[in-house]
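Novice: Here it is, the structure in full.
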There are 4 protein chains.
Amino acid sequence: MPGSTFGELFRVTNFGESHGPAIGCVIDGCPPGMALSEADIQPELDRRRPGTSRHVTQRNEADAVEILSGVYEGRTTGTPICLLIRNTDQRSKDYGNILDTFRPGHADYTYWRKYGLRDPRGGGRSSARLTAPTVAAGAVAKKWLAAQYGTTFTGWMSQLGDLPIPFEDEAQIPLNAFYAPNAGIVPQLEAYMDALRKDGDSCGARIEVRARSVPVGLGEPLYDKLDADIAYAMMGLNAVKGVEIGAGFASVAERGSVHGDALTPQGFAANRAGGVLGGISTGQEIVVSIAIKPTSSIRTARPSIDRALQPTEVQTFGRHDPCVGIRATPIAESLLALVLMDHALRHRAQCGDVRLDVPPIEGPV
Amino acid sequence: MPGSTFGELFRVTNFGESHGPAIGCVIDGCPPGMALSEADIQPELDRRRPGTSRHVTQRNEADAVEILSGVYEGRTTGTPICLLIRNTDQRSKDYGNILDTFRPGHADYTYWRKYGLRDPRGGGRSSARLTAPTVAAGAVAKKWLAAQYGTTFTGWMSQLGDLPIPFEDEAQIPLNAFYAPNAGIVPQLEAYMDALRKDGDSCGARIEVRARSVPVGLGEPLYDKLDADIAYAMMGLNAVKGVEIGAGFASVAERGSVHGDALTPQGFAANRAGGVLGGISTGQEIVVSIAIKPTSSIRTARPSIDRALQPTEVQTFGRHDPCVGIRATPIAESLLALVLMDHALRHRAQCGDVRLDVPPIEGPV
Amino acid sequence: MPGSTFGELFRVTNFGESHGPAIGCVIDGCPPGMALSEADIQPELDRRRPGTSRHVTQRNEADAVEILSGVYEGRTTGTPICLLIRNTDQRSKDYGNILDTFRPGHADYTYWRKYGLRDPRGGGRSSARLTAPTVAAGAVAKKWLAAQYGTTFTGWMSQLGDLPIPFEDEAQIPLNAFYAPNAGIVPQLEAYMDALRKDGDSCGARIEVRARSVPVGLGEPLYDKLDADIAYAMMGLNAVKGVEIGAGFASVAERGSVHGDALTPQGFAANRAGGVLGGISTGQEIVVSIAIKPTSSIRTARPSIDRALQPTEVQTFGRHDPCVGIRATPIAESLLALVLMDHALRHRAQCGDVRLDVPPIEGPV
Amino acid sequence: MPGSTFGELFRVTNFGESHGPAIGCVIDGCPPGMALSEADIQPELDRRRPGTSRHVTQRNEADAVEILSGVYEGRTTGTPICLLIRNTDQRSKDYGNILDTFRPGHADYTYWRKYGLRDPRGGGRSSARLTAPTVAAGAVAKKWLAAQYGTTFTGWMSQLGDLPIPFEDEAQIPLNAFYAPNAGIVPQLEAYMDALRKDGDSCGARIEVRARSVPVGLGEPLYDKLDADIAYAMMGLNAVKGVEIGAGFASVAERGSVHGDALTPQGFAANRAGGVLGGISTGQEIVVSIAIKPTSSIRTARPSIDRALQPTEVQTFGRHDPCVGIRATPIAESLLALVLMDHALRHRAQCGDVRLDVPPIEGPV
């Protein structure tokens, strides 16, 4: 399979390039009868949208979504939902200097080698702009999961470059440009970004994502485990270099007697598993953490080669996020929603609707 | 899809349970004409086999593989290859005490909730024993990749519990029970494991995997990126809680001017990317690191519940690996081989055979 | 999988409804580097377009296709190609009388029962209008197959209602509204259709499709045989009730000594197989014949029921093809092209590029 | 995808060759909790088994099936079910004379051209023997469908060579070697076969298959229609050259006013649709008819070529069915069961369990 489709039963097929006429996706497999309009999707796109603060790319895109199919009289019909987003603020000339050279750390080189040609305008297909259709599809999944199981999603930034962001208050997340769960640290984050921009450099970030009220039993052993598909989704997000579930890399140094979350009649006594055991959801919070590398398009000049493999220098102008991690939070939530949605449908295919006769066990996290 | 098939074009369908009559897999999509016999597969299975040192489970399985189909006169015919491994040393009675209780950290509970019933003998389908067919299929992929591109795979342990294992000498890896690239540390590792066994406890491990001589251009944007599929493969391995590609979580604190690997006419000047840019292989070494949690089956008694949700204690006897990470190295290599094999076939479907007209750029790692 | 995607490696995901804002498809997996513009696709759409003669629906749609992605500077980039066709001549009010009743022979009833709701405007998703994106995708496949192997496609009508159309001259096919390979019979066909329209009734048709210069070796045993996938494609076309390959139903009464096509050094001595043996292409012409039932939307009043399951009468106004078979010829060609394209890519994934070292055997048909 | 897997959610992966050590399949996706043992499967295999009358191949295979996985204490666990059938009566030497030549009408030539090599023993992978695993999997599907919806399957022969078999009495079907619903014609059929054998020739057959008590709403528009998948399944069966649903090719000459089955409060007034409208099941009987060509392995000498493309003669000894249609009836039933099973799971993934609040409409057929 060629790779632009996400999911098996809630299938999202993504298309478009950064500077083409439009981007979008087709969702096939959405259950019928759900109320759906652009107003359900737009707020999620707005969270991801460029140009909303001085810390992200200044490209000005409304990211206005249009539902082209699959909805009749305000309800999903069970047929494919095409979501279209027109590109409106392309400035391809800004990128002229990278037509024949390869940015270190960027997909320029590999696209050229794989396909023999590439669309260099704004990064073409490899641009993070292509996460917008993912977010749009994620909004549909979020709505269905919320209606069906009460599932909710929360993401935040836990580190910016070398600056850890202590978790203090979830309510703060939507109130600052960084999705930081900590109001006090925001001025520091802003100063950090301002210095970075002045340097013409970029930095990485660490993002946390959680899903709550997840049905027990989602995930397909042997290979398509829930955590395997979460790792696939997250590592597939632009710039991600690491994924952890629950205790993650910390579990290497733990002992089994400590790591295993005890079960009690009142629920699990802890959640070092991160909500997944044996690849199947436990009903607890899903706990995911991801590492995002620094943006590869920077204004600092760096050594590279051209298409004739001759040495050259490359320096990127155009409009870029100095830290792609800042806008990654809503995208990571969407990806987690898409994974859970797909596995919810897979579960009910094989096992029937989620049974509520066994009381779910949920404990402190 | 139900989840027991790995890959899209080199498809491995896994079947079996720990204490059933047999385990195995069907490989569909293997290119025709490749010399193949049990002798190509058995050595890889022997690397993963239980009972080879006092530090792993004492279950004694020959893991003798039988090719049931897809090979005629010593060559693959292009039709499905069924690989069968009979189970011979089941002792299901050892597990009697876990029939009605759930081991903390184990899949017992989630299997029961998902399917409404479970095969408790030796962990049934959730047992790490089911990685044997994966390793067998990986041996076929390794052989083809080696013949076609010269690709090779190396894995090693870089941390056991809280003990880091400094990389010293790759030649040492096959010479000790831990896959440690460091002869001097082996006595310490042995003492660590002996103490752990005495405590009736378990520990985690960190495993590194590398692939060399990987063709440029493997990986399918947007979603089925090479690193996304590697993360899926690795997180799907029993007990894995974290995956890193290249610089991994360290890239969070890096600046773009440092992280991006410069291109020179002689190749990349570094490999912080870990051999993947934009989800497509660069031709450099693929660099993967995984976190393995401590085994959940331990002799130490822990609080749990029974199927009536009443409080109880659970204590595991039977034969278990006190550190599943010890045998994880050959499995992780196999998984990486399966991902590369699948993407090699996907690449040539869309783009034709790997073109050699552009000299590959390979640099220091 | 939800069912709106055609193909495994050349994947066409179709979206839209008859009276929604737009219809279209996303093609994922097209090989990179092929010259492609709207001008390659539009002529095929024009062959299928409504309103081109008095014998087909009078709905006036330009069916102008727009390429939204996947093409850069006139060449395919290997990334998804989104093809969009805006609907412009919807007249949903014409269908008002079928909102609550079910046309005999139509999908009205089954859509309502499956999804619990349906888009009744112009048949919604079940309309033959949704074959336009299939034809657009087929044009891309035809171009690649022609460039790669010289493959060509020809279809024609061999029976209209109870009127057989003797094959006389392939050159006549594009010169009449019926795709009839016989100029002399056209006045008869026209009179037949005029009488039918006067009666407010509809009729069926039989369509032949051929592909020439097909590479040897396409098709995947065991299940995904080339003829199996052709049958899937053709039976999935609106109104098709029967599919034959080669001798088809006539082979029931044949003896093996007659049916088997002899091989000679100059090629096969006949083609009763229709170009497929054991599910794999022989290199001869692919020979397909399909039965199309009469249109179910007719002006004649018929007994039916309403959504309360009470008896009623249904009579269809609006604009309909009195014989959907008339426009089916280019669609059936496109479907055959899509099947061959997909299998060409599947073949080269597993077996590498089609080898030309063995001379293809092609004989009289 | 390589092609040996049937279905999307109830996935059957088939392996083996006619004269290899074993054949079999892995079923992934079977719902958990269903009682299952070899005794549920063996009777279906016995219906298809060779050597049961003088009119079929004299190869003597018990076709004893062994369940290797996926069942615990007599119930399906939801994990893959591996079904193994050992080959016991191979006589590969009988086929010696076809090693280097190609039987007219047989897959010998195309396998060789596709893969560059082939297993010639008993037809290798192309042998109708590989339908045994399909039948075994079909038995599992039949059991689940019967338990869930009361669905039943019936198949019979309606024509042998040029001898039509009038339908008289369904009860007769299991009482004769031909699956003929007509006791009086059996002597004629026997004489026909005896003459054919004496001639060293073979003949075709026409088989009917029906499914009753099919839930309304199965089938996935646009492409994966129920009838499209039935056509795929049937055309993929060895030797099939034509498939009809409902009125089939007869619908070409029908008028819309006659063809469309009227709906009444008591159900459909007829079933010319064959139980499918718009690709979705109506709840009526599914009506399928298939054409089977004459066996290509016959004792009569025929002109052919060898691997050097030089002219030669080929004559087949060994043990073959002079009419593969005789054993096709249980296979065709199994294929129909597999299609319905897969679509039942697909339906409940997207739309939830089949709703029984709307009374099914079933009418005379």
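Labels used: A, B, ... for chains in the order of the structure tokens, numbers from 1 for residues in each chain, and numbers from 1 for ligands as shown.
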Quick one: everything within 10 Å of segment 270-277 of chain C, counting only C-alpha atoms, minus sequence neighbours fewer than 4 positions away in the same chain. Send it as a CSV table (one decimal) with C-alpha atoms, in the first residue's frame.
Specialist:
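Contents of part-v2.csv, freshly written:
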```csv
chain,number,residue,atom,x,y,z
C,210,ARG,CA,-10.9,-6.2,-24.3
C,211,ALA,CA,-7.4,-5.3,-23.2
C,212,ARG,CA,-4.5,-5.9,-25.6
C,214,VAL,CA,-1.2,-7.2,-21.5
C,216,VAL,CA,2.3,-12.1,-19.1
C,217,GLY,CA,2.2,-13.0,-15.4
C,218,LEU,CA,-0.3,-10.5,-13.8
C,219,GLY,CA,-2.6,-12.0,-11.1
C,225,LYS,CA,-6.6,-14.0,-9.3
C,226,LEU,CA,-6.6,-11.6,-12.2
C,227,ASP,CA,-10.0,-12.9,-13.3
C,244,GLU,CA,-17.9,-13.8,-18.2
C,245,ILE,CA,-14.2,-14.3,-18.9
C,246,GLY,CA,-13.3,-15.8,-22.3
C,247,ALA,CA,-15.8,-18.6,-23.2
C,248,GLY,CA,-17.8,-17.8,-20.1
C,250,ALA,CA,-20.5,-21.5,-23.0
C,251,SER,CA,-17.6,-23.4,-21.5
C,258,VAL,CA,-11.9,-28.4,-27.3
C,259,HIS,CA,-11.8,-25.8,-24.6
C,260,GLY,CA,-8.1,-25.8,-23.8
C,261,ASP,CA,-6.2,-23.4,-26.0
C,262,ALA,CA,-3.3,-25.2,-27.7
C,263,LEU,CA,0.2,-23.7,-27.3
C,281,SER,CA,-2.5,-13.3,-17.5
C,282,THR,CA,-1.3,-15.3,-20.5
C,283,GLY,CA,-0.3,-12.3,-22.6
C,284,GLN,CA,-3.2,-12.7,-24.9
C,285,GLU,CA,-6.2,-10.4,-25.1
C,286,ILE,CA,-8.2,-10.1,-21.9
C,287,VAL,CA,-11.8,-11.0,-22.9
C,288,VAL,CA,-14.7,-9.8,-20.7
C,362,GLU,CA,0.7,-14.2,-28.5
C,363,GLY,CA,-1.6,-16.0,-30.9
C,364,PRO,CA,-4.8,-15.6,-32.8
C,365,VAL,CA,-7.8,-14.8,-30.7
D,104,PRO,CA,-3.5,-26.5,-22.8
D,105,GLY,CA,-6.1,-24.7,-20.5
D,106,HIS,CA,-3.9,-25.2,-17.5
D,107,ALA,CA,-2.0,-22.7,-15.2
D,108,ASP,CA,1.3,-24.5,-15.9
D,109,TYR,CA,2.4,-21.9,-18.4
D,110,THR,CA,1.4,-18.8,-16.6
D,111,TYR,CA,2.9,-19.9,-13.2
D,126,SER,CA,-2.8,-24.1,-8.8
D,238,ASN,CA,-10.6,-22.9,-10.0
D,239,ALA,CA,-12.1,-23.3,-13.5
D,241,LYS,CA,-15.4,-18.6,-16.2
D,293,LYS,CA,-15.0,-25.0,-17.6
```
Novice: Tell me, counting only C-alpha atoms, for each residue of chain B within 8 Å of chain D, which pair of atoms is nearest and how far apart they are in Å to one decimal, in rows ordered by chain and increasing number, as JSON lines.
Specialist:
```
{"residue": "B:Met1", "atom": "CA", "partner": "D:Leu9", "partner_atom": "CA", "distance": 4.9}
{"residue": "B:Pro2", "atom": "CA", "partner": "D:Gly29", "partner_atom": "CA", "distance": 4.9}
{"residue": "B:Gly3", "atom": "CA", "partner": "D:Asp28", "partner_atom": "CA", "distance": 7.8}
{"residue": "B:Ser4", "atom": "CA", "partner": "D:Asp28", "partner_atom": "CA", "distance": 6.9}
{"residue": "B:Glu8", "atom": "CA", "partner": "D:Met1", "partner_atom": "CA", "distance": 5.9}
{"residue": "B:Leu9", "atom": "CA", "partner": "D:Met1", "partner_atom": "CA", "distance": 4.9}
{"residue": "B:Phe10", "atom": "CA", "partner": "D:Pro2", "partner_atom": "CA", "distance": 7.7}
{"residue": "B:Arg11", "atom": "CA", "partner": "D:Met1", "partner_atom": "CA", "distance": 7.8}
{"residue": "B:Thr13", "atom": "CA", "partner": "D:Val26", "partner_atom": "CA", "distance": 7.7}
{"residue": "B:Asn14", "atom": "CA", "partner": "D:Pro80", "partner_atom": "CA", "distance": 7.6}
{"residue": "B:Phe15", "atom": "CA", "partner": "D:Pro80", "partner_atom": "CA", "distance": 5.4}
{"residue": "B:Gly16", "atom": "CA", "partner": "D:Ser69", "partner_atom": "CA", "distance": 4.8}
{"residue": "B:Glu17", "atom": "CA", "partner": "D:Ser69", "partner_atom": "CA", "distance": 6.5}
{"residue": "B:Gly20", "atom": "CA", "partner": "D:Ser69", "partner_atom": "CA", "distance": 6.3}
{"residue": "B:Pro21", "atom": "CA", "partner": "D:Leu68", "partner_atom": "CA", "distance": 5.9}
{"residue": "B:Ala22", "atom": "CA", "partner": "D:Leu68", "partner_atom": "CA", "distance": 6.0}
{"residue": "B:Ile23", "atom": "CA", "partner": "D:Ser69", "partner_atom": "CA", "distance": 7.6}
{"residue": "B:Val26", "atom": "CA", "partner": "D:Phe15", "partner_atom": "CA", "distance": 7.2}
{"residue": "B:Asp28", "atom": "CA", "partner": "D:Pro2", "partner_atom": "CA", "distance": 6.0}
{"residue": "B:Gly29", "atom": "CA", "partner": "D:Pro2", "partner_atom": "CA", "distance": 4.9}
{"residue": "B:Pro32", "atom": "CA", "partner": "D:Tyr115", "partner_atom": "CA", "distance": 5.8}
{"residue": "B:Gly33", "atom": "CA", "partner": "D:Leu117", "partner_atom": "CA", "distance": 7.1}
{"residue": "B:Leu68", "atom": "CA", "partner": "D:Pro21", "partner_atom": "CA", "distance": 5.9}
{"residue": "B:Ser69", "atom": "CA", "partner": "D:Gly16", "partner_atom": "CA", "distance": 4.8}
{"residue": "B:Gly70", "atom": "CA", "partner": "D:Gly16", "partner_atom": "CA", "distance": 6.8}
{"residue": "B:Tyr72", "atom": "CA", "partner": "D:Asp119", "partner_atom": "CA", "distance": 6.0}
{"residue": "B:Thr77", "atom": "CA", "partner": "D:Arg118", "partner_atom": "CA", "distance": 6.2}
{"residue": "B:Gly78", "atom": "CA", "partner": "D:Tyr115", "partner_atom": "CA", "distance": 6.4}
{"residue": "B:Thr79", "atom": "CA", "partner": "D:Arg125", "partner_atom": "CA", "distance": 7.3}
{"residue": "B:Pro80", "atom": "CA", "partner": "D:Phe15", "partner_atom": "CA", "distance": 5.4}
{"residue": "B:Ile81", "atom": "CA", "partner": "D:Phe15", "partner_atom": "CA", "distance": 7.0}
{"residue": "B:Cys82", "atom": "CA", "partner": "D:Phe15", "partner_atom": "CA", "distance": 6.5}
{"residue": "B:Tyr115", "atom": "CA", "partner": "D:Pro32", "partner_atom": "CA", "distance": 5.8}
{"residue": "B:Gly116", "atom": "CA", "partner": "D:Gly33", "partner_atom": "CA", "distance": 7.3}
{"residue": "B:Leu117", "atom": "CA", "partner": "D:Thr77", "partner_atom": "CA", "distance": 6.5}
{"residue": "B:Arg118", "atom": "CA", "partner": "D:Thr77", "partner_atom": "CA", "distance": 6.2}
{"residue": "B:Asp119", "atom": "CA", "partner": "D:Tyr72", "partner_atom": "CA", "distance": 6.0}
{"residue": "B:Arg125", "atom": "CA", "partner": "D:Thr79", "partner_atom": "CA", "distance": 7.3}
```
Novice: Which residues come within 10 Å of Thr295 of chain A, counting only C-alpha atoms, excluding same-chain residues fewer than 3 positions away, as number ranges by chain?
Specialist: A: 105-106, 201-204, 238-239, 292, 298, 320-325; B: 255-257, 259-260
Novice: Of the candidates B:Tyr223, B:Phe178, B:Phe6, B:Phe102, which shows the shortest atom-to-atom distance to Arg327 of chain B, using only C-alpha atoms?
Specialist: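 Looking at the shortest contact to Arg327 of chain B, the residue is B:Phe178.
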Novice: Pro166 of chain D: which residues within 8 Å, counting only C-alpha atoms, same-chain residues fewer than 5 positions away excluded, as a PyMOL selection string?
Specialist: chain D and resi 158+181-182
Novice: Among segment 55-279 of chain D, which ones does DSSP assign to helix (DSSP H, G or I) (computed from the backbone)? Answer as JSON, numbers by chain.
Specialist: {"D": [92, 93, 94, 95, 96, 97, 98, 108, 109, 110, 111, 112, 113, 114, 115, 121, 122, 123, 124, 125, 126, 128, 129, 130, 131, 132, 133, 134, 135, 136, 137, 138, 139, 140, 141, 142, 143, 144, 145, 146, 147, 148, 149, 170, 171, 172, 173, 174, 175, 186, 187, 188, 189, 190, 191, 192, 193, 194, 195, 196, 197, 198, 199, 226, 227, 228, 229, 230, 231, 232, 233, 234, 235, 248, 249, 250, 251, 252, 253, 256, 257, 258, 259]}
Novice: Just list the residues in segment 285-348 of chain D DSSP gives strand (DSSP E or B) on the backbone, as number ranges by chain.
Specialist: D: 286-292, 302-306, 311-314
Novice: If you keep C-alpha atoms, can you produce a file of those selected residues as a short mmCIF file (atom, residue, chain, number, x, y, z; two decimals), in the first residue's frame?
Specialist:
```cif
data_model
loop_
_atom_site.label_atom_id
_atom_site.label_comp_id
_atom_site.auth_asym_id
_atom_site.auth_seq_id
_atom_site.Cartn_x
_atom_site.Cartn_y
_atom_site.Cartn_z
CA ILE D 286 -28.84 -14.70 -2.29
CA VAL D 287 -28.98 -16.29 -5.75
CA VAL D 288 -25.71 -17.16 -7.50
CA SER D 289 -24.96 -19.23 -10.59
CA ILE D 290 -21.49 -20.12 -11.88
CA ALA D 291 -19.99 -21.65 -15.03
CA ILE D 292 -17.21 -24.20 -14.61
CA ARG D 302 -2.91 -32.37 -27.45
CA PRO D 303 -0.37 -30.13 -29.21
CA SER D 304 1.67 -27.90 -26.91
CA ILE D 305 5.19 -26.54 -26.42
CA ASP D 306 7.99 -27.23 -24.01
CA PRO D 311 6.43 -28.00 -30.32
CA THR D 312 5.52 -31.17 -28.44
CA GLU D 313 2.50 -33.19 -27.37
CA VAL D 314 1.08 -33.31 -23.88
#
```
Novice: When distances are computed from only C-alpha atoms, which of D:Ile165, D:Ala337, D:Val243, D:Ala195 shows the smallest separation from Ala139 of chain D?
Specialist: D:Ala337
Novice: To one decimal place, how far is atom CA of Asp169 of chain D from atom CA of Ala205 of chain D in Å?
Specialist: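 Result for atom CA of Asp169 of chain D versus atom CA of Ala205 of chain D: 18.9 Å, one decimal.
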